[in-house]
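What's in structure-v1.cif: mmCIF, C-alpha atoms
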data_protein
loop_
_atom_site.group_PDB
_atom_site.id
_atom_site.type_symbol
_atom_site.label_atom_id
_atom_site.label_comp_id
_atom_site.auth_asym_id
_atom_site.auth_seq_id
_atom_site.Cartn_x
_atom_site.Cartn_y
_atom_site.Cartn_z
ATOM 1 C CA MET A 1 138.813 -18.694 -72.570
ATOM 2 C CA SER A 2 137.678 -20.768 -75.523
ATOM 3 C CA ASP A 3 137.896 -24.539 -75.437
ATOM 4 C CA THR A 4 140.969 -26.378 -76.647
ATOM 5 C CA ILE A 5 140.022 -29.762 -78.033
ATOM 6 C CA LEU A 6 142.061 -32.967 -78.313
ATOM 7 C CA ILE A 7 140.849 -35.646 -80.722
ATOM 8 C CA ILE A 8 142.324 -39.079 -79.993
ATOM 9 C CA GLY A 9 141.973 -41.371 -83.003
ATOM 10 C CA ALA A 10 141.785 -38.450 -85.447
ATOM 11 C CA CYS A 11 142.830 -40.600 -88.430
ATOM 12 C CA GLY A 12 139.838 -42.949 -88.201
ATOM 13 C CA GLN A 13 136.664 -42.796 -90.296
ATOM 14 C CA ILE A 14 134.826 -40.378 -88.005
ATOM 15 C CA GLY A 15 137.921 -38.746 -86.489
ATOM 16 C CA THR A 16 139.144 -37.411 -89.849
ATOM 17 C CA GLU A 17 135.957 -35.496 -90.627
ATOM 18 C CA LEU A 18 135.308 -34.519 -87.017
ATOM 19 C CA THR A 19 138.754 -32.876 -86.840
ATOM 20 C CA GLN A 20 138.053 -30.894 -89.995
ATOM 21 C CA LYS A 21 134.651 -29.702 -88.787
ATOM 22 C CA LEU A 22 135.853 -28.771 -85.286
ATOM 23 C CA ARG A 23 138.737 -26.780 -86.798
ATOM 24 C CA GLU A 24 136.216 -24.894 -88.953
ATOM 25 C CA ILE A 25 134.178 -24.045 -85.834
ATOM 26 C CA TYR A 26 136.822 -23.416 -83.162
ATOM 27 C CA GLY A 27 139.859 -22.447 -85.266
ATOM 28 C CA ASN A 28 142.756 -24.620 -86.442
ATOM 29 C CA GLN A 29 145.054 -24.005 -83.466
ATOM 30 C CA GLN A 30 142.339 -24.876 -80.915
ATOM 31 C CA VAL A 31 141.886 -28.429 -82.209
ATOM 32 C CA ILE A 32 144.737 -30.889 -81.614
ATOM 33 C CA ALA A 33 144.542 -34.007 -83.784
ATOM 34 C CA SER A 34 146.268 -37.159 -82.537
ATOM 35 C CA ASP A 35 146.601 -40.795 -83.540
ATOM 36 C CA ILE A 36 148.982 -43.722 -83.167
ATOM 37 C CA ARG A 37 150.009 -43.203 -86.804
ATOM 38 C CA GLU A 38 150.868 -40.127 -88.884
ATOM 39 C CA GLY A 39 147.913 -38.028 -90.016
ATOM 40 C CA ASN A 40 147.434 -37.167 -93.699
ATOM 41 C CA ASP A 41 149.062 -34.011 -95.070
ATOM 42 C CA GLU A 42 145.856 -31.988 -94.931
ATOM 43 C CA MET A 43 145.340 -32.828 -91.251
ATOM 44 C CA LYS A 44 148.919 -31.934 -90.316
ATOM 45 C CA ARG A 45 148.943 -28.773 -92.432
ATOM 46 C CA SER A 46 145.676 -27.422 -91.056
ATOM 47 C CA GLY A 47 146.580 -27.572 -87.333
ATOM 48 C CA PRO A 48 148.570 -29.252 -84.535
ATOM 49 C CA PHE A 49 149.111 -33.026 -84.770
ATOM 50 C CA GLU A 50 150.547 -35.368 -82.112
ATOM 51 C CA ILE A 51 151.472 -39.061 -82.304
ATOM 52 C CA LEU A 52 149.622 -40.589 -79.355
ATOM 53 C CA ASP A 53 148.747 -44.074 -78.104
ATOM 54 C CA ALA A 54 145.134 -43.933 -76.893
ATOM 55 C CA THR A 55 145.898 -46.307 -73.999
ATOM 56 C CA ASP A 56 148.880 -44.296 -72.702
ATOM 57 C CA LYS A 57 147.477 -42.172 -69.869
ATOM 58 C CA GLU A 58 150.777 -40.371 -69.218
ATOM 59 C CA GLY A 59 151.212 -39.592 -72.906
ATOM 60 C CA ILE A 60 147.680 -38.193 -73.079
ATOM 61 C CA LEU A 61 148.304 -36.098 -69.946
ATOM 62 C CA LYS A 62 151.494 -34.620 -71.463
ATOM 63 C CA THR A 63 149.581 -33.628 -74.596
ATOM 64 C CA VAL A 64 146.720 -32.196 -72.509
ATOM 65 C CA GLN A 65 149.157 -30.081 -70.477
ATOM 66 C CA LYS A 66 151.242 -29.012 -73.478
ATOM 67 C CA HIS A 67 148.183 -27.653 -75.330
ATOM 68 C CA GLN A 68 146.044 -26.740 -72.265
ATOM 69 C CA VAL A 69 143.287 -29.049 -73.501
ATOM 70 C CA THR A 70 139.799 -28.696 -71.968
ATOM 71 C CA GLN A 71 137.820 -31.220 -74.054
ATOM 72 C CA VAL A 72 138.738 -34.699 -75.276
ATOM 73 C CA TYR A 73 136.952 -36.561 -78.068
ATOM 74 C CA LEU A 74 138.078 -40.189 -77.723
ATOM 75 C CA MET A 75 137.480 -41.682 -81.180
ATOM 76 C CA ALA A 76 140.092 -44.487 -81.116
ATOM 77 C CA ALA A 77 138.542 -47.977 -81.226
ATOM 78 C CA MET A 78 138.785 -51.357 -82.882
ATOM 79 C CA LEU A 79 135.564 -51.872 -84.850
ATOM 80 C CA SER A 80 133.175 -54.844 -84.923
ATOM 81 C CA ALA A 81 134.464 -57.121 -87.697
ATOM 82 C CA THR A 82 138.156 -56.511 -86.885
ATOM 83 C CA ALA A 83 137.554 -56.930 -83.145
ATOM 84 C CA GLU A 84 136.117 -60.420 -83.717
ATOM 85 C CA GLN A 85 139.494 -61.400 -85.204
ATOM 86 C CA HIS A 86 141.481 -59.896 -82.274
ATOM 87 C CA PRO A 87 139.233 -60.035 -79.172
ATOM 88 C CA GLN A 88 141.877 -59.399 -76.495
ATOM 89 C CA LYS A 89 143.509 -56.538 -78.376
ATOM 90 C CA ALA A 90 140.119 -54.936 -79.065
ATOM 91 C CA TRP A 91 139.094 -55.106 -75.408
ATOM 92 C CA GLU A 92 142.399 -53.591 -74.278
ATOM 93 C CA LEU A 93 142.268 -50.715 -76.764
ATOM 94 C CA ASN A 94 138.558 -49.967 -76.362
ATOM 95 C CA MET A 95 138.538 -50.120 -72.544
ATOM 96 C CA ASN A 96 141.957 -48.869 -71.466
ATOM 97 C CA SER A 97 141.713 -45.765 -73.646
ATOM 98 C CA LEU A 98 138.352 -44.844 -72.091
ATOM 99 C CA LEU A 99 139.502 -45.459 -68.514
ATOM 100 C CA ALA A 100 142.643 -43.373 -69.104
ATOM 101 C CA VAL A 101 140.594 -40.381 -70.283
ATOM 102 C CA LEU A 102 137.919 -40.752 -67.574
ATOM 103 C CA GLU A 103 140.668 -40.792 -64.926
ATOM 104 C CA LEU A 104 142.189 -37.597 -66.361
ATOM 105 C CA ALA A 105 138.751 -35.946 -66.201
ATOM 106 C CA LYS A 106 138.247 -37.192 -62.626
ATOM 107 C CA GLU A 107 141.645 -35.660 -61.736
ATOM 108 C CA LYS A 108 140.398 -32.355 -63.239
ATOM 109 C CA HIS A 109 142.975 -32.264 -66.055
ATOM 110 C CA ILE A 110 140.102 -31.985 -68.563
ATOM 111 C CA LYS A 111 136.567 -30.600 -68.277
ATOM 112 C CA GLN A 112 134.612 -32.594 -70.821
ATOM 113 C CA VAL A 113 134.833 -35.986 -72.500
ATOM 114 C CA TYR A 114 133.121 -37.350 -75.605
ATOM 115 C CA TRP A 115 133.161 -41.104 -76.165
ATOM 116 C CA PRO A 116 131.207 -42.901 -78.898
ATOM 117 C CA SER A 117 129.132 -45.987 -78.223
ATOM 118 C CA SER A 118 127.354 -47.981 -80.929
ATOM 119 C CA ILE A 119 124.231 -49.962 -81.789
ATOM 120 C CA ALA A 120 126.577 -52.945 -81.269
ATOM 121 C CA ALA A 121 125.891 -52.511 -77.523
ATOM 122 C CA PHE A 122 122.471 -54.076 -78.191
ATOM 123 C CA GLY A 123 122.241 -57.813 -78.787
ATOM 124 C CA PRO A 124 120.063 -60.622 -80.171
ATOM 125 C CA THR A 125 117.629 -60.309 -77.226
ATOM 126 C CA SER A 126 117.098 -56.532 -77.633
ATOM 127 C CA PRO A 127 113.894 -55.475 -79.432
ATOM 128 C CA LYS A 128 114.708 -55.180 -83.150
ATOM 129 C CA VAL A 129 112.235 -52.482 -84.159
ATOM 130 C CA GLN A 130 112.000 -49.088 -82.441
ATOM 131 C CA THR A 131 114.752 -50.268 -80.081
ATOM 132 C CA PRO A 132 114.203 -48.104 -76.983
ATOM 133 C CA GLN A 133 116.775 -46.022 -75.116
ATOM 134 C CA LYS A 134 116.561 -48.351 -72.100
ATOM 135 C CA THR A 135 116.080 -52.021 -72.893
ATOM 136 C CA ILE A 136 117.685 -55.486 -72.641
ATOM 137 C CA MET A 137 121.304 -55.231 -73.779
ATOM 138 C CA GLU A 138 123.179 -58.519 -74.178
ATOM 139 C CA PRO A 139 125.766 -57.906 -76.920
ATOM 140 C CA SER A 140 127.271 -60.938 -78.630
ATOM 141 C CA THR A 141 130.397 -59.303 -80.134
ATOM 142 C CA VAL A 142 133.631 -58.150 -78.494
ATOM 143 C CA TYR A 143 133.018 -54.668 -79.866
ATOM 144 C CA GLY A 144 129.489 -54.617 -78.427
ATOM 145 C CA ILE A 145 130.653 -55.935 -75.041
ATOM 146 C CA SER A 146 133.291 -53.186 -74.840
ATOM 147 C CA LYS A 147 130.753 -50.519 -75.815
ATOM 148 C CA LEU A 148 128.210 -51.666 -73.209
ATOM 149 C CA ALA A 149 130.888 -51.805 -70.509
ATOM 150 C CA GLY A 150 132.141 -48.385 -71.598
ATOM 151 C CA GLU A 151 128.669 -46.865 -71.313
ATOM 152 C CA HIS A 152 128.469 -48.005 -67.702
ATOM 153 C CA TRP A 153 131.969 -46.693 -66.944
ATOM 154 C CA CYS A 154 130.896 -43.305 -68.336
ATOM 155 C CA ASN A 155 127.793 -43.264 -66.166
ATOM 156 C CA TYR A 156 129.803 -44.410 -63.122
ATOM 157 C CA TYR A 157 132.392 -41.637 -63.488
ATOM 158 C CA HIS A 158 129.599 -39.102 -63.937
ATOM 159 C CA GLU A 159 127.617 -40.301 -60.890
ATOM 160 C CA LYS A 160 130.619 -40.875 -58.604
ATOM 161 C CA PHE A 161 133.029 -38.120 -59.616
ATOM 162 C CA GLY A 162 130.895 -35.604 -61.534
ATOM 163 C CA VAL A 163 132.761 -36.189 -64.798
ATOM 164 C CA ASP A 164 131.023 -34.413 -67.695
ATOM 165 C CA VAL A 165 131.111 -37.287 -70.169
ATOM 166 C CA ARG A 166 128.756 -37.504 -73.146
ATOM 167 C CA SER A 167 128.105 -40.298 -75.597
ATOM 168 C CA LEU A 168 126.092 -41.358 -78.643
ATOM 169 C CA ARG A 169 125.215 -44.845 -79.867
ATOM 170 C CA TYR A 170 126.169 -44.500 -83.509
ATOM 171 C CA PRO A 171 124.347 -46.508 -86.150
ATOM 172 C CA GLY A 172 126.299 -47.527 -89.278
ATOM 173 C CA ILE A 173 128.052 -44.449 -90.645
ATOM 174 C CA ILE A 174 128.469 -43.717 -94.335
ATOM 175 C CA SER A 175 131.046 -41.348 -95.803
ATOM 176 C CA TRP A 176 132.713 -40.722 -99.160
ATOM 177 C CA LYS A 177 135.925 -39.300 -97.643
ATOM 178 C CA THR A 178 137.338 -42.378 -95.932
ATOM 179 C CA LYS A 179 137.223 -45.961 -97.133
ATOM 180 C CA PRO A 180 135.663 -48.669 -94.917
ATOM 181 C CA GLY A 181 137.497 -49.451 -91.671
ATOM 182 C CA GLY A 182 136.461 -52.969 -90.618
ATOM 183 C CA GLY A 183 132.851 -52.514 -89.527
ATOM 184 C CA THR A 184 129.825 -54.680 -90.304
ATOM 185 C CA THR A 185 127.842 -51.746 -91.714
ATOM 186 C CA ASP A 186 130.739 -50.875 -94.059
ATOM 187 C CA TYR A 187 129.019 -52.537 -97.023
ATOM 188 C CA ALA A 188 126.944 -49.361 -97.266
ATOM 189 C CA VAL A 189 130.136 -47.352 -97.887
ATOM 190 C CA ASP A 190 131.868 -49.859 -100.149
ATOM 191 C CA ILE A 191 128.811 -50.259 -102.377
ATOM 192 C CA TYR A 192 129.109 -46.636 -103.601
ATOM 193 C CA PHE A 193 132.815 -46.995 -104.435
ATOM 194 C CA LYS A 194 132.104 -50.222 -106.355
ATOM 195 C CA ALA A 195 129.020 -48.766 -108.089
ATOM 196 C CA LEU A 196 131.198 -46.098 -109.692
ATOM 197 C CA GLU A 197 134.308 -48.230 -110.280
ATOM 198 C CA GLU A 198 132.724 -51.491 -111.470
ATOM 199 C CA GLN A 199 128.926 -50.918 -111.724
ATOM 200 C CA LYS A 200 128.507 -54.052 -109.607
ATOM 201 C CA TYR A 201 128.849 -55.131 -105.998
ATOM 202 C CA GLU A 202 128.882 -58.419 -104.078
ATOM 203 C CA CYS A 203 127.326 -57.826 -100.656
ATOM 204 C CA PHE A 204 128.437 -59.793 -97.571
ATOM 205 C CA LEU A 205 124.920 -59.492 -96.056
ATOM 206 C CA THR A 206 121.604 -60.868 -97.372
ATOM 207 C CA GLU A 207 119.346 -58.555 -99.370
ATOM 208 C CA GLU A 208 116.769 -58.110 -96.578
ATOM 209 C CA THR A 209 119.208 -57.284 -93.734
ATOM 210 C CA ARG A 210 117.820 -54.012 -92.364
ATOM 211 C CA LEU A 211 120.219 -51.896 -90.290
ATOM 212 C CA PRO A 212 120.161 -48.359 -88.872
ATOM 213 C CA MET A 213 122.432 -46.021 -90.829
ATOM 214 C CA MET A 214 123.469 -42.379 -90.884
ATOM 215 C CA TYR A 215 125.292 -40.080 -93.290
ATOM 216 C CA MET A 216 128.601 -38.775 -91.931
ATOM 217 C CA GLN A 217 127.504 -35.097 -91.978
ATOM 218 C CA ASP A 218 124.641 -35.953 -89.627
ATOM 219 C CA ALA A 219 126.887 -38.015 -87.321
ATOM 220 C CA ILE A 220 129.394 -35.150 -87.027
ATOM 221 C CA ALA A 221 126.602 -32.625 -86.429
ATOM 222 C CA ALA A 222 125.100 -34.785 -83.643
ATOM 223 C CA THR A 223 128.517 -35.278 -82.013
ATOM 224 C CA ILE A 224 129.260 -31.556 -81.862
ATOM 225 C CA GLN A 225 125.673 -30.710 -80.871
ATOM 226 C CA ILE A 226 125.681 -33.008 -77.821
ATOM 227 C CA MET A 227 129.025 -31.539 -76.695
ATOM 228 C CA GLN A 228 127.733 -27.979 -77.084
ATOM 229 C CA ALA A 229 124.455 -28.662 -75.251
ATOM 230 C CA ASP A 230 123.974 -27.288 -71.711
ATOM 231 C CA ALA A 231 124.910 -29.915 -69.102
ATOM 232 C CA GLU A 232 121.393 -29.972 -67.601
ATOM 233 C CA LYS A 233 119.963 -31.067 -70.979
ATOM 234 C CA ILE A 234 122.107 -34.211 -70.947
ATOM 235 C CA LYS A 235 119.881 -36.499 -68.898
ATOM 236 C CA ASN A 236 121.522 -39.681 -70.093
ATOM 237 C CA ARG A 237 125.112 -40.420 -69.108
ATOM 238 C CA THR A 238 125.393 -43.948 -70.476
ATOM 239 C CA SER A 239 124.852 -43.131 -74.161
ATOM 240 C CA TYR A 240 122.044 -41.722 -76.321
ATOM 241 C CA ASN A 241 120.306 -43.702 -79.051
ATOM 242 C CA LEU A 242 120.855 -41.923 -82.374
ATOM 243 C CA ALA A 243 119.030 -42.578 -85.631
ATOM 244 C CA ALA A 244 118.563 -41.170 -89.113
ATOM 245 C CA MET A 245 117.471 -43.942 -91.531
ATOM 246 C CA SER A 246 117.221 -47.719 -91.779
ATOM 247 C CA PHE A 247 117.533 -49.672 -95.025
ATOM 248 C CA THR A 248 118.440 -53.055 -96.542
ATOM 249 C CA PRO A 249 121.135 -53.811 -99.165
ATOM 250 C CA LYS A 250 118.293 -54.263 -101.657
ATOM 251 C CA GLU A 251 116.959 -50.745 -100.895
ATOM 252 C CA ILE A 252 120.355 -49.048 -101.122
ATOM 253 C CA ALA A 253 120.972 -50.832 -104.449
ATOM 254 C CA ALA A 254 117.627 -49.499 -105.731
ATOM 255 C CA ALA A 255 118.584 -45.962 -104.654
ATOM 256 C CA ILE A 256 121.884 -46.305 -106.559
ATOM 257 C CA GLN A 257 120.084 -47.685 -109.634
ATOM 258 C CA LYS A 258 118.070 -44.446 -109.839
ATOM 259 C CA GLU A 259 121.409 -42.677 -110.462
ATOM 260 C CA ILE A 260 123.352 -45.521 -112.177
ATOM 261 C CA PRO A 261 120.758 -47.707 -113.977
ATOM 262 C CA GLU A 262 123.328 -50.345 -115.042
ATOM 263 C CA PHE A 263 124.405 -51.071 -111.451
ATOM 264 C CA THR A 264 123.877 -54.677 -110.266
ATOM 265 C CA ILE A 265 124.170 -56.312 -106.835
ATOM 266 C CA SER A 266 124.737 -59.943 -105.787
ATOM 267 C CA TYR A 267 124.783 -61.484 -102.311
ATOM 268 C CA LYS A 268 127.204 -63.795 -100.543
ATOM 269 C CA ALA A 269 126.722 -63.657 -96.769
ATOM 270 C CA ASP A 270 129.812 -64.218 -94.595
ATOM 271 C CA PHE A 271 130.592 -64.112 -90.830
ATOM 272 C CA ARG A 272 129.393 -60.486 -90.669
ATOM 273 C CA GLN A 273 125.822 -61.641 -91.298
ATOM 274 C CA GLN A 274 125.682 -63.118 -87.795
ATOM 275 C CA ILE A 275 126.885 -59.804 -86.322
ATOM 276 C CA ALA A 276 124.284 -57.841 -88.319
ATOM 277 C CA ASP A 277 121.511 -60.230 -87.258
ATOM 278 C CA SER A 278 122.260 -59.488 -83.601
ATOM 279 C CA TRP A 279 121.728 -55.737 -84.060
ATOM 280 C CA PRO A 280 118.593 -53.557 -84.100
ATOM 281 C CA GLN A 281 116.848 -52.694 -87.375
ATOM 282 C CA ILE A 282 115.204 -49.400 -86.406
ATOM 283 C CA ILE A 283 116.275 -47.271 -83.422
ATOM 284 C CA ASP A 284 114.027 -45.087 -81.264
ATOM 285 C CA ASP A 285 116.067 -41.952 -80.560
ATOM 286 C CA SER A 286 113.274 -39.767 -79.150
ATOM 287 C CA ASP A 287 115.328 -39.034 -75.992
ATOM 288 C CA ALA A 288 118.062 -37.343 -78.045
ATOM 289 C CA ARG A 289 115.421 -35.410 -79.993
ATOM 290 C CA ASN A 290 113.585 -34.291 -76.858
ATOM 291 C CA ASP A 291 116.534 -33.637 -74.526
ATOM 292 C CA TRP A 292 118.895 -31.658 -76.779
ATOM 293 C CA GLY A 293 117.046 -31.197 -80.063
ATOM 294 C CA TRP A 294 118.675 -33.779 -82.344
ATOM 295 C CA GLN A 295 117.419 -33.810 -85.953
ATOM 296 C CA GLN A 296 118.926 -35.436 -89.057
ATOM 297 C CA HIS A 297 119.149 -33.843 -92.514
ATOM 298 C CA PHE A 298 119.799 -36.776 -94.876
ATOM 299 C CA ASP A 299 117.579 -39.659 -95.994
ATOM 300 C CA LEU A 300 118.645 -42.530 -98.300
ATOM 301 C CA ASP A 301 118.006 -40.736 -101.617
ATOM 302 C CA ALA A 302 119.634 -37.464 -100.532
ATOM 303 C CA MET A 303 122.652 -39.364 -99.202
ATOM 304 C CA THR A 304 122.970 -41.464 -102.378
ATOM 305 C CA LYS A 305 122.961 -38.379 -104.619
ATOM 306 C CA ASP A 306 125.556 -36.673 -102.421
ATOM 307 C CA MET A 307 127.792 -39.766 -102.151
ATOM 308 C CA LEU A 308 127.869 -40.381 -105.915
ATOM 309 C CA LYS A 309 128.377 -36.675 -106.730
ATOM 310 C CA ASN A 310 131.354 -36.434 -104.352
ATOM 311 C CA LEU A 311 132.914 -39.768 -105.299
ATOM 312 C CA SER A 312 132.754 -39.041 -109.033
#

Produce structure tokens that represent the structure in this file.
Amino acid sequence: MSDTILIIGACGQIGTELTQKLREIYGNQQVIASDIREGNDEMKRSGPFEILDATDKEGILKTVQKHQVTQVYLMAAMLSATAEQHPQKAWELNMNSLLAVLELAKEKHIKQVYWPSSIAAFGPTSPKVQTPQKTIMEPSTVYGISKLAGEHWCNYYHEKFGVDVRSLRYPGIISWKTKPGGGTTDYAVDIYFKALEEQKYECFLTEETRLPMMYMQDAIAATIQIMQADAEKIKNRTSYNLAAMSFTPKEIAAAIQKEIPEFTISYKADFRQQIADSWPQIIDDSDARNDWGWQQHFDLDAMTKDMLKNLS
């Protein structure tokens, strides 16, 4: 029997493209998209769609039973910048959704769980360059606190109850298909939209703020790859470091100027600067590369060409 997959939070930045890719691989009827709000027409036309609150365990169970779901990708979350505005709400969404799904896996209603962590789980005291897989983690944002706690819940449910849960610490993710969704690394998405629309961009981070980033195609590929890997290759049940490239606003602007010479950038740092300063600059993801063969395909120039081609 082939896997039936439920994506919770399918309308989000990653969820949208993950749904599409999984439907290409497993077939449209095998991939159930769900979110608290209506999906776009393409999502609803291409396969099953359910309205679902990520924190409603009973609701999730009903959907799991209705579609005989074996795998859950839990993509619903409140992201870093938005979570700082609504700390309590962010904690409740980010934690209760994970615990609901882990409980369902513990009760053997589902076989496999994917849950994304983030570089936000690191903090100001973590090493900034070549941030190792295991290191000091003292996050200073609500989003980061929920991700670090979530990693330990994942590991706990794996150790205690044998739950097959897998996770990646995403860097900033860049995509042309969905507009920014309230994250600190979202400048690197917005800048491409503005480069084409206005040939100029005001950045909310300083020009030398280096952050780890990844093109959406690579993030989706890594997500599916870790879920398809043999269980014995997954040696890390908190979450794997994941990396592709690291750059500054100044460097991304220079990459855009190669394609759009008239493009200009200015800088006006806001509250997101403090969040960015607490995060790593370059991630060491050698565990993911060694354990299950992770490898990225896009660097900054290749991504910039692809972004601008698709957006125009």

When the PyMOL selection byres ((chain A and resi 46) around 9) is applied to the structure above, which residues does it catch, written out as a PDB file with C-alpha atoms, in the frame of the given file?
ATOM      1  CA  GLN A  20     138.053 -30.894 -89.995  1.00  0.00           C
ATOM      2  CA  ARG A  23     138.737 -26.780 -86.798  1.00  0.00           C
ATOM      3  CA  ASN A  28     142.756 -24.620 -86.442  1.00  0.00           C
ATOM      4  CA  GLN A  29     145.054 -24.005 -83.466  1.00  0.00           C
ATOM      5  CA  ASP A  41     149.062 -34.011 -95.070  1.00  0.00           C
ATOM      6  CA  GLU A  42     145.856 -31.988 -94.931  1.00  0.00           C
ATOM      7  CA  MET A  43     145.340 -32.828 -91.251  1.00  0.00           C
ATOM      8  CA  LYS A  44     148.919 -31.934 -90.316  1.00  0.00           C
ATOM      9  CA  ARG A  45     148.943 -28.773 -92.432  1.00  0.00           C
ATOM     10  CA  GLY A  47     146.580 -27.572 -87.333  1.00  0.00           C
ATOM     11  CA  PRO A  48     148.570 -29.252 -84.535  1.00  0.00           C
TER      12      PRO A  48
END

Compile the contact shell of range 207-223 of chain A as a compact mmCIF listing (two decimals) with C-alpha atoms, keeping the file's coordinate frame: residues with an atom at most 7 Å away, counting all atoms listed in the file, same-chain residues fewer than 3 positions apart removed.
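Listing of part-v3.txt after writing:
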# COMPACT_ATOMS: atom_id res chain seq x y z
CA LEU A 18 135.31 -34.52 -87.02
CA PRO A 171 124.35 -46.51 -86.15
CA GLY A 172 126.30 -47.53 -89.28
CA ILE A 173 128.05 -44.45 -90.64
CA ILE A 174 128.47 -43.72 -94.34
CA SER A 175 131.05 -41.35 -95.80
CA ILE A 226 125.68 -33.01 -77.82
CA MET A 227 129.02 -31.54 -76.69
CA ALA A 243 119.03 -42.58 -85.63
CA ALA A 244 118.56 -41.17 -89.11
CA MET A 245 117.47 -43.94 -91.53
CA SER A 246 117.22 -47.72 -91.78
CA PHE A 247 117.53 -49.67 -95.02
CA THR A 248 118.44 -53.06 -96.54
CA PRO A 249 121.14 -53.81 -99.16
CA LYS A 250 118.29 -54.26 -101.66
CA TYR A 267 124.78 -61.48 -102.31
CA PRO A 280 118.59 -53.56 -84.10
CA GLN A 281 116.85 -52.69 -87.38
CA ILE A 282 115.20 -49.40 -86.41
CA ILE A 283 116.28 -47.27 -83.42
CA TRP A 294 118.68 -33.78 -82.34
CA GLN A 296 118.93 -35.44 -89.06
CA HIS A 297 119.15 -33.84 -92.51
CA PHE A 298 119.80 -36.78 -94.88
CA MET A 303 122.65 -39.36 -99.20

* Residue contacts of Ala255 in chain A (7 Å, only C-alpha atoms) excluding same-chain residues fewer than 3 positions away, as number ranges by chain -> A: 251-252, 258, 301, 304

* Closest to Gly182 in chain A among A:Glu84, A:Glu50, A:Asp287, A:Asp3, using all atoms listed in the file? -> A:Glu84

* Picked residues, the PyMOL selection byres ((chain A and resi 142) around 9), expected as a PyMOL selection string -> chain A and resi 80+83-84+86-88+90-91+139-141+143-147

* Between A:Ile224, A:Ile275, A:Ala254, A:Leu6, which is the closest to Ile119 in chain A once you count only C-alpha atoms? -> A:Ile275

* What gap, in Å, lies between CA of Asn40 in chain A and CA of Ser118 in chain A? ->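 If I compute the distance from CA of Asn40 in chain A to CA of Ser118 in chain A, I get 26.1 Å.
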
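Using only C-alpha atoms, the contacts of Val189 in chain A at a cut-off of 10 Å, with sequence neighbours closer than 3 positions omitted, comprise Gly172, Ile173, Ile174, Ser175, Trp176, Lys177, Thr178, Lys179, Pro180, Gly181, Thr185, Asp186, Tyr192, Phe193, Lys194, Tyr215 and Met307 of chain A.
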
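Across the structure, CA of Gln13 in chain A and CA of Lys66 in chain A are spaced 26.2 Å apart.
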
Edge lengths and centre, in Å to one decimal, as JSON: that's what I need for the box along x, y and z that holds all listed atoms of range 160-168 of chain A plus 5 Å on each side.
{"center_x": 129.6, "center_y": -37.9, "center_z": -68.6, "size_x": 16.9, "size_y": 16.9, "size_z": 30.0}

* Nearest-residue call for Thr264 in chain A, choices A:Ala195, A:Leu300, A:Ala288, A:Met78, using only C-alpha atoms ->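 For Thr264 in chain A, the nearest of the candidates is A:Ala195.
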
* To do: Go through A:Leu196, A:Ile110, A:Ala253, A:Ala81 and flag the residue nearest Ser312 in chain A, using all atoms listed in the file for the distances.
  =>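 Among the listed residues, A:Leu196 lies closest to Ser312 in chain A.
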
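The space separating CA of Leu205 in chain A from CA of Lys134 in chain A comes to 27.7 Å.
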